[in-house]
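Chemist: Would you mind keeping the following structure in view while I ask a few things?
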Amino acid sequence: MLYCGWDGGGTKTEVCLADEAGRRLASAVFGPLNPNGTARDRVVDTIRQGIRYMAEAAGSLSAVGGLVVGMAGISNRSAATLVENALKEAMDETGGAVPFRLAGDQEIALAGAVEGAGALLIAGTGSVCTGRDAEGRPFRVGGYGYLIDDAGSGWDIGRGILAAVVRAEDGRGPNTALTQLVFDKLGCSSVGEMITWLYAPETGKKDVAALAALLPTALEQQDAAAETIARQAADSLAELAETGWRKSSLQAGELAVTGSILLHVPAIRNALEQRLHRTCPLLRVTEPHGTPAEGAAKMARQIFQKKGQQPAPH
């Protein structure tokens, strides 16, 4: 029997098929799946393509013992209902039925990232630490959105970069290499133009988060403002992990780290590891063992593998 996991995002969806031992057999990438930011027709089309691929890769849907579909915004009941109904319709069109379950994107990411007790620290556009204790109980710290949280994330760093630019302009902060880097990135030549860009209706949190990519260049120039931003981000991310460890009463375990900030800003990754080495000496910072799609397939195997305990399709 085979098991399938989907990692559904706002831009792409990875479909992973694995065997009973957890070995990845096949995978493919399709369109967006998150109904909260994607037109209904595109979501339905992605699901149809994913089901067809799953059937072709497995030989038939009857060879698939279970499916877990991970996606952001799962708490939105209307979005979940749309995906559930589209999955059933696509299976009917393909000539079969597979028991399935929907899961949050953080849940499948954790399942793929660590084995046993431990946690996953994500620092991309947003930030969150999610994990499970020695008894398998889940915990989460952070991840409440950019308006009130997401400390240490790309959004937080991008906002910090913009703040450093205006503080330098006013004389409230030191002159910074970030000013010219931001101007070059945005194609502007003044703080006024930068502010116009920032508050334009079409500028979103991802645009601000994209400015975090400028930080390593400024750090190479030993820019004081950039160093402050990097230090604060590392401290904020360490706080997420430390709080998770304290809440879960874990004495040892893995902390897998991922996301653009921890993967592409070595200064923040190094500072994070140094602080955690002092505060949580038995915590091991690692790379994720597998992808979120592999984590979803792993969950499908754990949920549906036992004969006679297969929930009916939702």
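Within each chain, counting starts at residue 1; across the structure tokens, chains are named A, B, ... in the order shown, with ligands numbered 1 upward in that order.
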Set out as CSV a contact list for region 169-241 of chain A and region 121-131 of chain A with a cut-off of 8 Å, giving each residue of region 169-241 of chain A that qualifies its closest atom pair and distance in Å to one decimal, counting only C-alpha atoms, ordered by chain and rising residue number.
Modeler:
```
residue,atom,partner,partner_atom,distance
A:Lys205,CA,A:Thr125,CA,7.8
A:Lys206,CA,A:Thr125,CA,6.4
A:Ala209,CA,A:Thr125,CA,5.6
A:Leu237,CA,A:Ala123,CA,7.8
A:Leu240,CA,A:Cys129,CA,5.9
A:Ala241,CA,A:Cys129,CA,6.2
```
Chemist: Can you tell me which residues surround Val165 (chain A) at a distance of at most 12 Å, considering only C-alpha atoms, apart from same-chain residues fewer than 2 positions away, and format the answer as a ChimeraX atom specification?
Modeler: /A:158-163,167-183,190-192,194-195,225-226
Chemist: Save the residues we just selected, C-alpha atoms, as a JSON list (two decimals), in the first residue's frame?
Modeler:
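This is the output file part_28.json:
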```
[["chain", "number", "residue", "atom", "x", "y", "z"],
["A", 158, "GLY", "CA", 12.49, 44.32, 6.25],
["A", 159, "ARG", "CA", 10.60, 46.68, 8.51],
["A", 160, "GLY", "CA", 13.76, 47.15, 10.58],
["A", 161, "ILE", "CA", 15.73, 48.02, 7.47],
["A", 162, "LEU", "CA", 13.18, 50.65, 6.44],
["A", 163, "ALA", "CA", 13.17, 52.02, 9.98],
["A", 167, "ARG", "CA", 16.20, 57.06, 11.39],
["A", 168, "ALA", "CA", 19.42, 57.78, 9.52],
["A", 169, "GLU", "CA", 17.62, 60.38, 7.40],
["A", 170, "ASP", "CA", 16.42, 62.19, 10.54],
["A", 171, "GLY", "CA", 19.66, 61.85, 12.46],
["A", 172, "ARG", "CA", 18.02, 59.62, 15.09],
["A", 173, "GLY", "CA", 20.27, 56.76, 14.05],
["A", 174, "PRO", "CA", 23.64, 56.25, 12.40],
["A", 175, "ASN", "CA", 24.22, 56.63, 8.68],
["A", 176, "THR", "CA", 23.76, 53.22, 7.14],
["A", 177, "ALA", "CA", 24.69, 51.38, 3.97],
["A", 178, "LEU", "CA", 21.12, 50.12, 3.99],
["A", 179, "THR", "CA", 19.92, 53.45, 2.61],
["A", 180, "GLN", "CA", 21.55, 53.07, -0.78],
["A", 181, "LEU", "CA", 20.85, 49.35, -0.87],
["A", 182, "VAL", "CA", 17.13, 50.03, -0.38],
["A", 183, "PHE", "CA", 17.11, 52.85, -2.93],
["A", 190, "SER", "CA", 14.87, 59.60, -1.70],
["A", 191, "VAL", "CA", 13.20, 58.62, 1.54],
["A", 192, "GLY", "CA", 10.04, 60.29, 0.28],
["A", 194, "MET", "CA", 10.59, 55.01, -0.44],
["A", 195, "ILE", "CA", 7.67, 55.96, 1.80],
["A", 225, "ALA", "CA", 22.44, 49.40, 11.87],
["A", 226, "ALA", "CA", 22.51, 46.07, 10.05]]
```
Chemist: Using only C-alpha atoms, which of A:Ala293, A:Ile303, A:Leu262, A:Leu61 sits nearest Ala28 (chain A)?
Modeler: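 Closest residue, counting only C-alpha atoms: A:Ala293.
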Chemist: Where does DSSP see strand (DSSP E or B) in region 37-257 of chain A, if you list the residues as a ChimeraX atom specification?
Modeler: /A:64-71,100-104,118-123,127-132,138-142,253-257
Chemist: Please dump the current selection as a short mmCIF file (atom, residue, chain, number, x, y, z; two decimals), in the first residue's frame; keep C-alpha atoms.
Modeler:
```cif
data_model
loop_
_atom_site.label_atom_id
_atom_site.label_comp_id
_atom_site.auth_asym_id
_atom_site.auth_seq_id
_atom_site.Cartn_x
_atom_site.Cartn_y
_atom_site.Cartn_z
CA VAL A 64 -3.19 4.56 -2.18
CA GLY A 65 -4.08 3.77 1.43
CA GLY A 66 -4.36 7.36 2.63
CA LEU A 67 -3.75 11.00 1.83
CA VAL A 68 -2.89 14.00 4.00
CA VAL A 69 -3.25 17.44 2.42
CA GLY A 70 -1.39 20.17 4.27
CA MET A 71 -2.17 23.83 3.65
CA PHE A 100 -7.91 11.70 3.44
CA ARG A 101 -7.37 14.28 6.12
CA LEU A 102 -6.54 17.98 5.99
CA ALA A 103 -3.72 19.34 8.16
CA GLY A 104 -2.07 22.68 8.81
CA GLY A 118 11.66 18.18 19.03
CA ALA A 119 10.65 21.28 17.17
CA LEU A 120 10.82 23.18 13.92
CA LEU A 121 11.80 26.85 13.87
CA ILE A 122 10.63 28.65 10.73
CA ALA A 123 11.84 32.13 9.82
CA SER A 127 8.19 33.20 12.08
CA VAL A 128 6.98 30.40 14.35
CA CYS A 129 8.30 27.54 16.46
CA THR A 130 6.17 24.40 16.44
CA GLY A 131 6.99 21.08 18.05
CA ARG A 132 5.98 18.10 20.15
CA PRO A 138 2.09 19.48 20.24
CA PHE A 139 3.20 22.97 21.19
CA ARG A 140 3.56 26.22 19.32
CA VAL A 141 5.19 29.57 20.04
CA GLY A 142 4.64 32.64 17.86
CA GLY A 253 15.87 16.91 21.26
CA GLU A 254 16.19 18.32 17.78
CA LEU A 255 15.44 21.84 16.64
CA ALA A 256 15.22 21.81 12.85
CA VAL A 257 15.56 25.27 11.33
#
```
Chemist: Could you check which of A:Val265, A:Leu2, A:Ala164, A:Asp41 is closest to Thr228 (chain A), using only C-alpha atoms?
Modeler: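 Looking only at the distances to Thr228 (chain A), the closest residue turns out to be A:Ala164.
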Chemist: Tell me which of A:Ala230, A:Leu110, A:Ala55, A:Ala63 sits closest to Thr94 (chain A), counting only C-alpha atoms.
Modeler: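 Answer, going by the shortest atom-to-atom distance: A:Ala55.
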Chemist: To one decimal in Å, tell me the separation between CA of Gly112 (chain A) and CA of Glu239 (chain A).
Modeler: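 Separation between CA of Gly112 (chain A) and CA of Glu239 (chain A): 23.0 Å.
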Chemist: Run DSSP on the backbone and tell me which residues of region 23-241 of chain A come out as helix (DSSP H, G or I); list them as a PyMOL selection string.
Modeler: chain A and resi 40-58+61-63+77-94+105-113+154-170+178-186+191-198+205-220+224-241
Chemist: Quick one: of A:Arg77, A:Arg231, A:Arg24, A:Arg52, who's nearest to Gly290 (chain A), counting only C-alpha atoms?
Modeler: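 Selected residue with least distance to Gly290 (chain A): A:Arg24.
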Chemist: Write out as a short mmCIF file (atom, residue, chain, number, x, y, z; two decimals) with N, CA and C atoms, in the first residue's frame which residues come within 7 Å of Thr46 (chain A) when counting only C-alpha atoms, dropping same-chain ones fewer than 6 positions away.
Modeler:
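Output (result.cif):
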```
data_model
loop_
_atom_site.label_atom_id
_atom_site.label_comp_id
_atom_site.auth_asym_id
_atom_site.auth_seq_id
_atom_site.Cartn_x
_atom_site.Cartn_y
_atom_site.Cartn_z
N PHE A 30 2.54 21.14 -8.64
CA PHE A 30 1.42 21.70 -9.38
C PHE A 30 1.15 23.13 -8.90
N GLY A 31 0.01 23.66 -9.20
CA GLY A 31 -0.30 25.06 -8.90
C GLY A 31 -0.67 25.32 -7.46
N PRO A 32 -1.21 26.51 -7.17
CA PRO A 32 -1.54 26.90 -5.80
C PRO A 32 -2.74 26.14 -5.25
N LEU A 33 -2.77 26.03 -3.90
CA LEU A 33 -3.85 25.30 -3.26
C LEU A 33 -4.55 26.10 -2.16
#
```
Chemist: Could you give me, as a list in words, the residues within 8 Å of Gly96 (chain A), counting only C-alpha atoms and dropping anything in the same chain fewer than 3 positions from it?
Modeler: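 Selected residues are Ser60, Leu61, Ser62, Met91, Asp92 and Glu93 of chain A.
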Chemist: Could those selected residues go to a file with N, CA and C atoms, as a short mmCIF file (atom, residue, chain, number, x, y, z; two decimals), in the first residue's frame?
Modeler:
```cif
data_model
loop_
_atom_site.label_atom_id
_atom_site.label_comp_id
_atom_site.auth_asym_id
_atom_site.auth_seq_id
_atom_site.Cartn_x
_atom_site.Cartn_y
_atom_site.Cartn_z
N SER A 60 -3.15 3.21 -9.66
CA SER A 60 -4.58 3.48 -9.52
C SER A 60 -4.80 4.04 -8.13
N LEU A 61 -5.94 4.69 -7.91
CA LEU A 61 -6.24 5.24 -6.59
C LEU A 61 -6.39 4.14 -5.55
N SER A 62 -6.78 2.93 -5.98
CA SER A 62 -6.96 1.83 -5.03
C SER A 62 -5.66 1.40 -4.38
N MET A 91 -11.65 12.71 -7.07
CA MET A 91 -11.53 11.26 -6.94
C MET A 91 -12.63 10.55 -7.70
N ASP A 92 -13.85 11.07 -7.61
CA ASP A 92 -14.97 10.47 -8.36
C ASP A 92 -14.69 10.49 -9.85
N GLU A 93 -14.15 11.61 -10.34
CA GLU A 93 -13.84 11.74 -11.76
C GLU A 93 -12.74 10.76 -12.18
#
```
